[in-house]
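Undergrad: Sending over coords_0.tsv (TSV, C-alpha atoms).
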chain	number	residue	atom	x	y	z
A	1	MET	CA	-45.85	7.68	-25.14
A	2	PRO	CA	-42.90	5.49	-23.99
A	3	PRO	CA	-42.96	4.51	-20.29
A	4	THR	CA	-39.81	6.55	-19.49
A	5	MET	CA	-41.42	9.63	-20.97
A	6	VAL	CA	-44.53	8.94	-18.96
A	7	ALA	CA	-42.42	8.73	-15.81
A	8	MET	CA	-40.53	11.90	-16.69
A	9	THR	CA	-43.64	13.89	-17.44
A	10	SER	CA	-45.19	12.76	-14.17
A	11	LEU	CA	-42.23	14.12	-12.18
A	12	GLY	CA	-42.20	17.66	-10.96
A	13	SER	CA	-40.34	20.23	-13.02
A	14	GLY	CA	-37.73	20.65	-10.23
A	15	ALA	CA	-36.92	16.95	-10.15
A	16	ARG	CA	-36.87	16.88	-13.95
A	17	SER	CA	-34.30	19.66	-14.14
A	18	TRP	CA	-32.11	17.90	-11.55
A	19	LEU	CA	-32.28	14.69	-13.51
A	20	VAL	CA	-31.34	16.45	-16.73
A	21	THR	CA	-28.43	18.20	-14.96
A	22	LEU	CA	-27.20	14.90	-13.50
A	23	ALA	CA	-27.49	13.21	-16.88
A	24	VAL	CA	-25.52	15.99	-18.60
A	25	LEU	CA	-22.80	15.89	-15.90
A	26	GLY	CA	-22.65	12.11	-16.22
A	27	VAL	CA	-22.20	12.32	-19.98
A	28	VAL	CA	-19.48	14.98	-19.61
A	29	ALA	CA	-17.65	12.88	-16.99
A	30	LEU	CA	-17.93	9.81	-19.22
A	31	VAL	CA	-16.55	11.64	-22.25
A	32	VAL	CA	-13.66	13.17	-20.25
A	33	GLY	CA	-12.91	9.81	-18.63
A	34	LEU	CA	-12.92	7.98	-21.97
A	35	ALA	CA	-10.63	10.64	-23.40
A	36	GLY	CA	-8.07	9.94	-20.64
A	37	GLY	CA	-9.10	12.45	-18.02
A	38	PHE	CA	-7.51	15.78	-17.21
A	39	ARG	CA	-3.74	15.55	-17.18
A	40	GLY	CA	-0.80	17.48	-18.45
A	41	ALA	CA	0.71	16.89	-21.83
A	42	GLU	CA	3.44	14.25	-21.71
A	43	GLY	CA	6.70	14.15	-23.56
A	44	PRO	CA	8.38	10.97	-24.74
A	45	PRO	CA	10.32	8.96	-22.13
A	46	ALA	CA	13.88	10.17	-21.73
A	47	ASP	CA	16.81	7.94	-22.56
A	48	THR	CA	18.92	7.27	-19.52
A	49	ALA	CA	22.01	5.23	-18.73
A	50	THR	CA	23.32	2.96	-16.05
A	51	GLY	CA	24.25	4.86	-12.92
A	52	GLU	CA	21.73	7.66	-13.48
A	53	TRP	CA	18.91	8.17	-10.98
A	54	VAL	CA	15.34	8.19	-12.28
A	55	GLU	CA	12.53	9.61	-10.15
A	56	SER	CA	9.26	7.73	-10.02
A	57	THR	CA	6.23	8.18	-7.80
A	58	ARG	CA	7.30	6.29	-4.68
A	59	TRP	CA	10.86	5.45	-5.65
A	60	ASP	CA	14.12	6.77	-6.98
A	61	VAL	CA	15.74	4.09	-9.11
A	62	ARG	CA	19.23	3.64	-10.50
A	63	VAL	CA	19.87	0.75	-12.87
A	64	ASP	CA	23.40	-0.51	-12.32
A	65	ASP	CA	23.94	-3.66	-14.30
A	66	CYS	CA	22.47	-6.64	-16.12
A	67	ARG	CA	23.46	-10.31	-16.09
A	68	ILE	CA	22.22	-13.52	-17.65
A	69	ILE	CA	22.21	-16.28	-15.06
A	70	PRO	CA	22.77	-19.59	-16.85
A	71	ALA	CA	20.45	-22.56	-16.39
A	72	GLN	CA	21.45	-24.51	-13.33
A	73	GLU	CA	20.45	-27.66	-11.55
A	74	ARG	CA	18.76	-27.24	-8.22
A	75	PHE	CA	17.29	-30.06	-6.12
A	76	GLY	CA	17.52	-32.40	-9.08
A	77	GLU	CA	15.65	-30.07	-11.44
A	78	MET	CA	16.95	-27.66	-14.03
A	79	ASP	CA	16.10	-24.02	-13.39
A	80	PRO	CA	15.76	-22.02	-16.61
A	81	PRO	CA	18.22	-19.24	-17.39
A	82	GLN	CA	17.30	-15.88	-15.94
A	83	VAL	CA	17.82	-12.25	-16.76
A	84	ALA	CA	18.80	-10.24	-13.68
A	85	ILE	CA	18.70	-6.46	-13.47
A	86	LEU	CA	20.77	-5.07	-10.62
A	87	MET	CA	19.53	-1.77	-9.27
A	88	THR	CA	19.81	0.66	-6.40
A	89	VAL	CA	16.49	2.00	-5.12
A	90	ARG	CA	15.35	4.53	-2.57
A	91	ASN	CA	11.85	4.53	-1.09
A	92	THR	CA	10.71	8.16	-1.29
A	93	TRP	CA	7.20	7.39	0.00
A	94	ASP	CA	6.01	8.10	3.54
A	95	GLU	CA	5.84	4.51	4.77
A	96	THR	CA	7.73	1.24	4.61
A	97	GLN	CA	7.06	-0.70	1.42
A	98	MET	CA	6.83	-4.46	1.84
A	99	GLY	CA	8.30	-5.08	-1.61
A	100	PHE	CA	9.63	-3.23	-4.61
A	101	SER	CA	7.05	-2.11	-7.12
A	102	GLN	CA	6.59	-4.26	-10.18
A	103	ALA	CA	4.36	-1.63	-11.75
A	104	MET	CA	7.19	0.74	-12.56
A	105	VAL	CA	9.67	-1.52	-14.35
A	106	ARG	CA	9.34	-3.37	-17.61
A	107	ILE	CA	12.13	-5.41	-19.20
A	108	GLU	CA	12.28	-6.39	-22.84
A	109	VAL	CA	14.82	-9.00	-23.90
A	110	PRO	CA	16.00	-9.54	-27.49
A	111	ASN	CA	14.16	-12.85	-27.94
A	112	GLY	CA	10.85	-10.97	-27.78
A	113	GLU	CA	9.92	-11.77	-24.19
A	114	SER	CA	9.08	-9.03	-21.77
A	115	PHE	CA	8.78	-8.91	-18.01
A	116	GLY	CA	6.32	-6.60	-16.37
A	117	ALA	CA	3.66	-6.38	-13.72
A	118	GLN	CA	1.53	-9.14	-15.20
A	119	ARG	CA	4.28	-11.62	-15.88
A	120	GLU	CA	4.74	-14.60	-13.61
A	121	GLN	CA	8.26	-15.62	-12.62
A	122	PHE	CA	9.04	-11.97	-12.19
A	123	SER	CA	10.51	-11.33	-8.81
A	124	MET	CA	11.87	-8.18	-7.30
A	125	GLY	CA	13.43	-7.96	-3.92
A	126	ASP	CA	16.09	-6.48	-1.78
A	127	ALA	CA	19.33	-8.09	-2.81
A	128	GLU	CA	20.56	-8.47	0.77
A	129	ARG	CA	17.72	-8.62	3.30
A	130	ASP	CA	14.00	-9.10	3.83
A	131	GLY	CA	12.07	-7.36	1.10
A	132	TYR	CA	11.14	-4.33	3.17
A	133	PHE	CA	12.13	-0.90	1.90
A	134	ASP	CA	12.08	1.82	4.54
A	135	PRO	CA	11.43	5.52	3.81
A	136	GLY	CA	14.54	7.43	2.81
A	137	ILE	CA	16.80	4.36	2.82
A	138	THR	CA	18.87	3.56	-0.28
A	139	ARG	CA	19.21	-0.16	-0.90
A	140	PRO	CA	20.25	-2.62	-3.58
A	141	ALA	CA	17.48	-4.49	-5.34
A	142	VAL	CA	17.44	-7.14	-8.01
A	143	LEU	CA	14.80	-8.03	-10.55
A	144	THR	CA	14.91	-11.50	-12.04
A	145	GLY	CA	12.81	-13.15	-14.71
A	146	ASP	CA	12.90	-16.67	-16.13
A	147	ILE	CA	13.85	-16.82	-19.80
A	148	ALA	CA	11.57	-19.26	-21.56
A	149	GLY	CA	12.22	-18.44	-25.19
A	150	GLY	CA	15.93	-19.16	-25.57
A	151	LEU	CA	19.01	-17.02	-25.23
A	152	TRP	CA	20.15	-14.35	-27.68
A	153	ASP	CA	23.33	-12.92	-29.10
A	154	PRO	CA	25.07	-11.25	-26.11
A	155	ALA	CA	25.80	-8.21	-28.31
A	156	GLU	CA	22.09	-7.41	-28.40
A	157	PRO	CA	21.01	-5.11	-25.55
A	158	VAL	CA	18.27	-5.66	-22.99
A	159	ARG	CA	15.86	-2.73	-22.73
A	160	VAL	CA	14.58	-1.50	-19.37
A	161	ARG	CA	11.57	0.82	-19.24
A	162	LEU	CA	10.85	2.81	-16.08
A	163	ALA	CA	7.47	4.36	-15.34
A	164	THR	CA	5.69	6.40	-12.74
A	165	GLU	CA	2.86	4.80	-10.77
A	166	ARG	CA	-0.65	5.78	-9.86
A	167	GLN	CA	-2.73	4.42	-7.03
A	168	ASP	CA	-5.34	2.16	-8.51
A	169	ARG	CA	-8.24	3.50	-6.51
A	170	GLY	CA	-10.88	1.42	-8.24
A	171	PHE	CA	-14.27	2.12	-6.76
A	172	VAL	CA	-13.95	0.27	-3.48
A	173	THR	CA	-10.29	-0.61	-3.03
A	174	ASP	CA	-7.22	1.62	-3.27
A	175	ASP	CA	-4.31	-0.48	-2.11
A	176	ARG	CA	-2.88	-1.33	-5.51
A	177	TRP	CA	-0.42	0.59	-7.61
A	178	ALA	CA	-0.53	0.53	-11.37
A	179	THR	CA	1.77	1.70	-14.13
A	180	ASP	CA	1.12	5.34	-14.99
A	181	ARG	CA	3.44	6.70	-17.67
A	182	GLU	CA	6.83	5.76	-18.95
A	183	VAL	CA	9.53	8.24	-17.95
A	184	ALA	CA	12.83	6.64	-18.95
A	185	THR	CA	14.29	3.84	-21.03
A	186	LEU	CA	17.76	2.42	-21.16
A	187	ASP	CA	19.53	-0.26	-23.16
A	188	LEU	CA	21.89	-2.52	-21.24
A	189	ASP	CA	24.63	-4.88	-22.25
A	190	CYS	CA	23.78	-8.09	-20.49
A	191	PRO	CA	26.66	-10.57	-20.40
A	192	MET	CA	26.42	-14.10	-19.08
A	193	ALA	CA	27.26	-14.34	-15.40
A	194	SER	CA	29.90	-16.84	-14.42
A	195	ALA	CA	28.50	-20.09	-13.05
A	196	PRO	CA	28.13	-20.11	-9.26
B	1	MET	CA	-78.22	8.88	-13.10
B	2	SER	CA	-77.43	5.27	-13.52
B	3	LYS	CA	-75.39	3.18	-11.10
B	4	ASP	CA	-72.60	2.89	-13.70
B	5	ALA	CA	-72.28	6.67	-13.84
B	6	THR	CA	-71.42	6.91	-10.10
B	7	THR	CA	-68.83	4.10	-10.13
B	8	MET	CA	-67.13	4.91	-13.43
B	9	PRO	CA	-66.75	8.71	-13.74
B	10	THR	CA	-65.97	9.94	-17.18
B	11	ASP	CA	-65.34	13.66	-16.67
B	12	GLY	CA	-61.77	15.02	-16.95
B	13	ALA	CA	-61.79	16.89	-13.60
B	14	HIS	CA	-62.34	13.67	-11.69
B	15	HIS	CA	-59.36	12.04	-13.53
B	16	ALA	CA	-57.05	14.82	-12.32
B	17	HIS	CA	-57.45	13.70	-8.67
B	18	ALA	CA	-57.28	9.95	-9.35
B	19	ALA	CA	-54.16	7.84	-8.70
B	20	PRO	CA	-51.78	7.65	-11.68
B	21	PRO	CA	-52.10	4.60	-13.90
B	22	ARG	CA	-50.46	1.46	-12.51
B	23	ARG	CA	-47.78	1.45	-15.26
B	24	THR	CA	-46.77	5.01	-14.40
B	25	ARG	CA	-46.51	4.15	-10.71
B	26	ARG	CA	-44.34	1.17	-11.57
B	27	TRP	CA	-41.96	3.30	-13.64
B	28	ARG	CA	-41.84	5.99	-10.99
B	29	ARG	CA	-40.92	3.38	-8.39
B	30	ALA	CA	-38.24	1.90	-10.69
B	31	LEU	CA	-36.80	5.35	-11.28
B	32	ALA	CA	-36.70	6.07	-7.53
B	33	THR	CA	-34.95	2.73	-6.95
B	34	ALA	CA	-32.39	3.47	-9.64
B	35	LEU	CA	-31.73	6.93	-8.20
B	36	GLY	CA	-31.35	5.41	-4.73
B	37	LEU	CA	-28.81	2.90	-6.02
B	38	LEU	CA	-26.98	5.67	-7.87
B	39	ALA	CA	-26.86	7.72	-4.65
B	40	CYS	CA	-25.39	4.72	-2.78
B	41	LEU	CA	-22.71	4.27	-5.45
B	42	VAL	CA	-21.85	7.97	-5.33
B	43	LEU	CA	-21.62	7.75	-1.52
B	44	VAL	CA	-19.25	4.75	-1.70
B	45	GLY	CA	-17.16	6.58	-4.28
B	46	LEU	CA	-16.94	9.69	-2.14
B	47	VAL	CA	-15.91	7.69	0.93
B	48	ASN	CA	-13.31	5.83	-1.13
B	49	ALA	CA	-11.99	9.06	-2.59
B	50	THR	CA	-11.40	10.59	0.82
B	51	VAL	CA	-10.36	7.62	2.97
B	52	ARG	CA	-7.22	5.51	2.63
B	53	GLU	CA	-8.34	2.01	3.44
B	54	ASP	CA	-4.78	0.85	4.05
B	55	GLN	CA	-4.60	3.04	7.12
B	56	SER	CA	-6.82	2.01	9.97
B	57	ARG	CA	-8.68	4.51	12.06
B	58	ALA	CA	-7.21	4.14	15.51
B	59	ARG	CA	-8.18	5.34	18.93
B	60	TRP	CA	-4.93	6.57	20.35
B	61	TYR	CA	-3.55	6.08	23.86
B	62	VAL	CA	-0.57	8.37	24.30
B	63	GLY	CA	2.21	8.47	26.87
B	64	GLN	CA	5.94	8.82	27.32
B	65	ALA	CA	8.92	6.53	27.71
B	66	GLN	CA	9.83	5.07	31.11
B	67	ALA	CA	6.14	4.87	32.11
B	68	PRO	CA	3.33	2.48	31.14
B	69	VAL	CA	0.98	3.54	28.35
B	70	THR	CA	-2.33	1.76	28.79
B	71	SER	CA	-5.02	0.75	26.31
B	72	PRO	CA	-7.95	-1.59	26.99
B	73	ARG	CA	-6.00	-4.53	25.53
B	74	MET	CA	-2.54	-3.98	26.97
B	75	ASP	CA	0.12	-1.89	28.67
B	76	VAL	CA	3.26	-0.91	26.82
B	77	GLU	CA	6.37	0.58	28.37
B	78	VAL	CA	9.50	1.79	26.59
B	79	GLN	CA	12.48	1.09	28.84
B	80	ASP	CA	15.44	2.13	26.73
B	81	VAL	CA	16.34	3.54	23.32
B	82	LEU	CA	19.72	3.39	21.58
B	83	LEU	CA	21.07	4.49	18.20
B	84	ALA	CA	23.52	2.27	16.32
B	85	ARG	CA	25.19	1.56	13.00
B	86	GLU	CA	25.23	-2.18	13.56
B	87	VAL	CA	22.93	-4.55	15.43
B	88	SER	CA	23.40	-8.22	16.11
B	89	THR	CA	21.34	-11.05	17.53
B	90	GLY	CA	24.34	-13.36	17.64
B	91	LEU	CA	23.90	-14.41	14.02
B	92	THR	CA	24.85	-12.31	10.99
B	93	PRO	CA	24.98	-8.66	12.07
B	94	LEU	CA	22.94	-6.05	10.25
B	95	THR	CA	24.67	-2.83	9.28
B	96	THR	CA	23.45	0.46	7.87
B	97	GLU	CA	24.85	3.61	6.32
B	98	GLU	CA	22.12	5.52	8.20
B	99	THR	CA	20.90	4.83	11.74
B	100	PHE	CA	19.27	1.95	13.54
B	101	VAL	CA	16.89	3.03	16.28
B	102	VAL	CA	16.82	0.22	18.84
B	103	VAL	CA	13.83	0.31	21.21
B	104	LEU	CA	13.62	-2.00	24.23
B	105	TRP	CA	10.02	-2.23	25.38
B	106	SER	CA	7.54	-4.44	27.18
B	107	THR	CA	3.96	-5.58	26.65
B	108	THR	CA	1.53	-6.63	29.36
B	109	ALA	CA	-1.58	-8.34	28.00
B	110	HIS	CA	-4.89	-7.67	29.72
B	111	GLU	CA	-7.51	-10.13	28.51
B	112	GLU	CA	-6.26	-11.86	25.39
B	113	ARG	CA	-3.03	-12.89	23.69
B	114	ILE	CA	-1.05	-10.10	22.08
B	115	GLY	CA	1.27	-10.76	19.15
B	116	TYR	CA	2.82	-8.40	16.65
B	117	THR	CA	3.61	-8.29	12.96
B	118	ALA	CA	6.19	-5.94	11.48
B	119	SER	CA	3.72	-3.33	10.37
B	120	GLN	CA	1.97	-3.18	13.76
B	121	VAL	CA	5.08	-1.72	15.34
B	122	GLN	CA	6.24	1.47	13.68
B	123	LEU	CA	8.43	4.45	14.29
B	124	ALA	CA	6.74	7.69	13.26
B	125	THR	CA	9.34	10.27	12.32
B	126	ALA	CA	8.84	13.96	13.00
B	127	ASP	CA	8.26	14.58	9.28
B	128	GLY	CA	5.39	12.07	9.17
B	129	ALA	CA	6.97	8.90	7.75
B	130	ARG	CA	5.98	5.52	9.20
B	131	VAL	CA	8.87	3.05	9.45
B	132	SER	CA	8.08	-0.61	10.19
B	133	GLN	CA	10.38	-2.60	12.44
B	134	ARG	CA	13.03	-4.71	10.69
B	135	ASN	CA	11.88	-8.31	10.83
B	136	GLU	CA	15.39	-9.72	10.57
B	137	VAL	CA	16.37	-8.54	14.04
B	138	SER	CA	13.27	-7.32	15.89
B	139	GLN	CA	11.84	-9.82	18.33
B	140	GLN	CA	8.71	-9.95	20.46
B	141	LEU	CA	7.17	-13.14	21.79
B	142	PRO	CA	3.38	-13.52	21.97
B	143	VAL	CA	2.16	-12.48	25.40
B	144	ASP	CA	-0.81	-14.04	27.21
B	145	PRO	CA	-2.90	-12.38	29.93
B	146	GLY	CA	-1.07	-12.36	33.22
B	147	PHE	CA	2.33	-12.19	31.54
B	148	THR	CA	4.68	-9.42	30.50
B	149	GLY	CA	6.92	-9.77	27.47
B	150	GLN	CA	10.20	-7.95	26.98
B	151	GLY	CA	11.09	-7.37	23.35
B	152	VAL	CA	13.21	-5.28	21.06
B	153	SER	CA	12.33	-3.37	17.90
B	154	VAL	CA	14.86	-2.12	15.38
B	155	PHE	CA	14.05	0.58	12.82
B	156	GLU	CA	16.29	1.78	10.00
B	157	VAL	CA	15.92	5.54	9.63
B	158	PRO	CA	17.86	8.23	7.75
B	159	THR	CA	20.14	9.84	10.32
B	160	ASP	CA	18.75	13.33	9.77
B	161	ARG	CA	15.17	12.12	10.43
B	162	VAL	CA	15.75	10.28	13.70
B	163	GLU	CA	15.21	13.01	16.29
B	164	GLY	CA	11.69	13.53	17.60
B	165	ALA	CA	10.40	10.13	16.50
B	166	ASP	CA	7.48	8.42	18.27
B	167	LEU	CA	6.92	4.69	18.76
B	168	GLU	CA	3.48	3.56	17.53
B	169	ILE	CA	1.95	0.17	18.27
B	170	HIS	CA	-1.34	-0.94	16.72
B	171	ASP	CA	-3.05	-3.56	18.84
B	172	ARG	CA	-4.67	-5.38	15.93
B	173	GLU	CA	-3.86	-5.99	12.32
B	174	GLY	CA	-5.80	-7.67	9.58
B	175	LEU	CA	-6.92	-7.07	6.05
B	176	TYR	CA	-10.29	-5.72	7.15
B	177	THR	CA	-9.35	-4.34	10.59
B	178	TYR	CA	-10.43	-0.78	10.22
B	179	TYR	CA	-10.96	0.51	13.72
B	180	ASN	CA	-8.46	-0.45	16.36
B	181	GLY	CA	-6.62	0.82	19.37
B	182	ALA	CA	-3.10	2.15	19.09
B	183	LEU	CA	-0.51	3.31	21.57
B	184	ARG	CA	1.92	6.12	20.95
B	185	VAL	CA	5.02	6.72	23.03
B	186	THR	CA	6.13	10.21	22.16
B	187	ASP	CA	9.65	11.46	21.54
B	188	VAL	CA	11.41	8.17	22.13
B	189	VAL	CA	14.43	9.65	20.31
B	190	ASP	CA	15.80	13.03	21.31
B	191	ALA	CA	19.13	14.84	21.22
B	192	GLY	CA	20.27	12.94	24.29
B	193	THR	CA	19.61	9.42	23.00
B	194	PRO	CA	22.88	7.48	23.33
B	195	ARG	CA	24.63	6.35	20.16
B	196	GLN	CA	26.77	3.23	19.94
B	197	ASP	CA	28.63	1.64	17.06
B	198	VAL	CA	27.29	-1.83	17.77
B	199	VAL	CA	24.31	-3.00	19.81
B	200	ASP	CA	23.96	-6.66	20.80
B	201	LEU	CA	20.24	-7.23	20.95
B	202	PRO	CA	18.85	-9.12	23.95
B	203	ALA	CA	16.71	-12.20	23.41
B	204	PRO	CA	13.00	-11.65	24.06
B	205	THR	CA	11.56	-12.94	27.33
B	206	VAL	CA	8.15	-13.48	28.89
B	207	GLU	CA	7.55	-13.57	32.64
B	208	VAL	CA	4.55	-14.01	34.90
B	209	THR	CA	3.42	-10.73	36.37
B	210	ARG	CA	-0.04	-11.48	37.75
In structure tokens, write the structure found in this file.
TA:
Amino acid sequence: MPPTMVAMTSLGSGARSWLVTLAVLGVVALVVGLAGGFRGAEGPPADTATGEWVESTRWDVRVDDCRIIPAQERFGEMDPPQVAILMTVRNTWDETQMGFSQAMVRIEVPNGESFGAQREQFSMGDAERDGYFDPGITRPAVLTGDIAGGLWDPAEPVRVRLATERQDRGFVTDDRWATDREVATLDLDCPMASAP
Amino acid sequence: MSKDATTMPTDGAHHAHAAPPRRTRRWRRALATALGLLACLVLVGLVNATVREDQSRARWYVGQAQAPVTSPRMDVEVQDVLLAREVSTGLTPLTTEETFVVVLWSTTAHEERIGYTASQVQLATADGARVSQRNEVSQQLPVDPGFTGQGVSVFEVPTDRVEGADLEIHDREGLYTYYNGALRVTDVVDAGTPRQDVVDLPAPTVEVTR
């Protein structure tokens, strides 16, 4: 008889039934978790346009404009060109946010690059002040990303994808927010900004 | 009966009262250890599911404006509160479409230096939102024991959520600070709080008081 069976048979029948129950519940939880958990059916993300408000989990967001910032020399070095998305955002959460969420915006440019939560050189901040966003306050924000792969035909649009967020509870920590599901997309004309 | 028969019983009844084989005991112990570890993991998961670690558990010391509120680490006193659309420290003014709540308050340190970060000083609105002070214009100097510091905090709040707000000051902040002391000055904004178009913010000061 295998050792586990020996151990099981040596346990009392009460303990055995608890173990079996726990094992069954564990398997059910595992299967449900692997299948994506319990959640409502989701429709495809809605198309939206500049100037329209989109509701996310902690934010209302309005995409206003897009610009390509040409490469420029700074402190003797050439900064790469950047794509800049100009937005208006409102913190709808119950506390001040120290920065705008990178988990809820993804930008895809025509050269194949994309900017999202995992991409370096992706910055998002208040366009005018320190990066704090207070509850209920509507403020401008700008997202910028360095373009590494070369510029594109200005007639080709830049795509912005907006998503809801979920708190990444993990098992021990819960202070991170992760992308949940995409709720809106929009295509933007993105002309070259005039040189500063 | 031989000596061997007394030391090595062979009947089944005697086996029923003997200790389980060593291998069985080992597996039973391993199973108990695994179940114990599983119980610990479940406990951690339950705690994590019910507790927000980004909000410290505070022991609250509560008082009102125009009088000292005392905790073991410090005294805090709110001296004046104003509402404004523009605030200035002499540099670029800050403007808002909503309302700035300007709180003039003092800190007296008891036994160790007190300093503040933006998220330690908050305005709690009547509907439960926590608004951190605006770093661009809020100013408090670190205060050592024996001294009292005068400072100013500025909060940007939607105009319709200003009334009934409390000032909250956490006396410690850190990534793993979980239990701390906190002071609450209730109803620092009410219907009678004066409103001005522009408030020139005073520079922070520290003076000897002991």
Undergrad: Please determine, counting all atoms listed in the file, which residue among A:Ala155, A:Ile137, A:Ile147, A:Val160 has the shortest atom-to-atom distance to Pro70 in chain A.
TA: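 Once distances to Pro70 in chain A are computed over all atoms listed in the file, the minimum belongs to A:Ile147.
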Undergrad: For the atom pair CA of Asp187 in chain B and CA of Asp166 in chain B, what is the interatomic distance in Å to one decimal place?
TA: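 Separating CA of Asp187 in chain B from CA of Asp166 in chain B is a distance of 5.0 Å.
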Undergrad: Can you list every residue of chain B that has an atom at most 7 Å from chain A, with its nearest atom pair and the distance in Å to one decimal, using only C-alpha atoms, ordered by chain then number, as a tab-separated table?
TA:
residue	atom	partner	partner_atom	distance
B:Thr24	CA	A:Ala7	CA	5.9
B:Trp27	CA	A:Ala7	CA	5.9
B:Arg28	CA	A:Ala7	CA	5.6
B:Gly45	CA	A:Phe171	CA	5.9
B:Asn48	CA	A:Val172	CA	6.1
B:Glu53	CA	A:Asp174	CA	6.8
B:Asp54	CA	A:Asp175	CA	6.3
B:Gly128	CA	A:Asp94	CA	6.9
B:Ala129	CA	A:Asp94	CA	4.4
B:Arg130	CA	A:Glu95	CA	4.5
B:Val131	CA	A:Thr96	CA	5.3
B:Ser132	CA	A:Thr96	CA	5.9
B:Glu136	CA	A:Asp130	CA	6.9
B:Glu156	CA	A:Asp134	CA	6.9
B:Val157	CA	A:Ile137	CA	7.0
B:Pro158	CA	A:Gly136	CA	6.0
Undergrad: Measure the distance from CA of Thr70 in chain B to CA of Ile169 in chain B in Å and round it to one decimal.
TA: 11.5 Å
Undergrad: Would you pick out the contacts of range 74-91 of chain B at 8 Å or less, using all atoms listed in the file, so that residues sharing its chain but fewer than 6 positions from it are not included, and give the list as a PyMOL selection string?
TA: chain B and resi 64-68+97-110+114+137+183+185+188-189+193-203
Undergrad: Between A:Val89, A:Val183, A:Leu188, A:Leu30, which one has atoms that come closest to Ala46 in chain A, using all atoms listed in the file?
TA: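 That would be A:Val183, the residue with the smallest distance to Ala46 in chain A.
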Undergrad: Distance CA of Thr48 in chain A-CA of Gln167 in chain A, one decimal place?
TA: 25.2 Å
Undergrad: Please, which residues in range 36-66 of chain A fall within 7 Å of range 76-86 of chain A when counting all atoms listed in the file, and what is the closest atom pair and distance in Å to one decimal for each, ordered by chain then residue number, as JSON lines?
TA:
{"residue": "A:Val63", "atom": "CA", "partner": "A:Leu86", "partner_atom": "CA", "distance": 6.3}
{"residue": "A:Asp64", "atom": "CA", "partner": "A:Leu86", "partner_atom": "CA", "distance": 5.5}
{"residue": "A:Asp65", "atom": "CA", "partner": "A:Leu86", "partner_atom": "CA", "distance": 5.1}
{"residue": "A:Cys66", "atom": "CA", "partner": "A:Ile85", "partner_atom": "CA", "distance": 4.6}
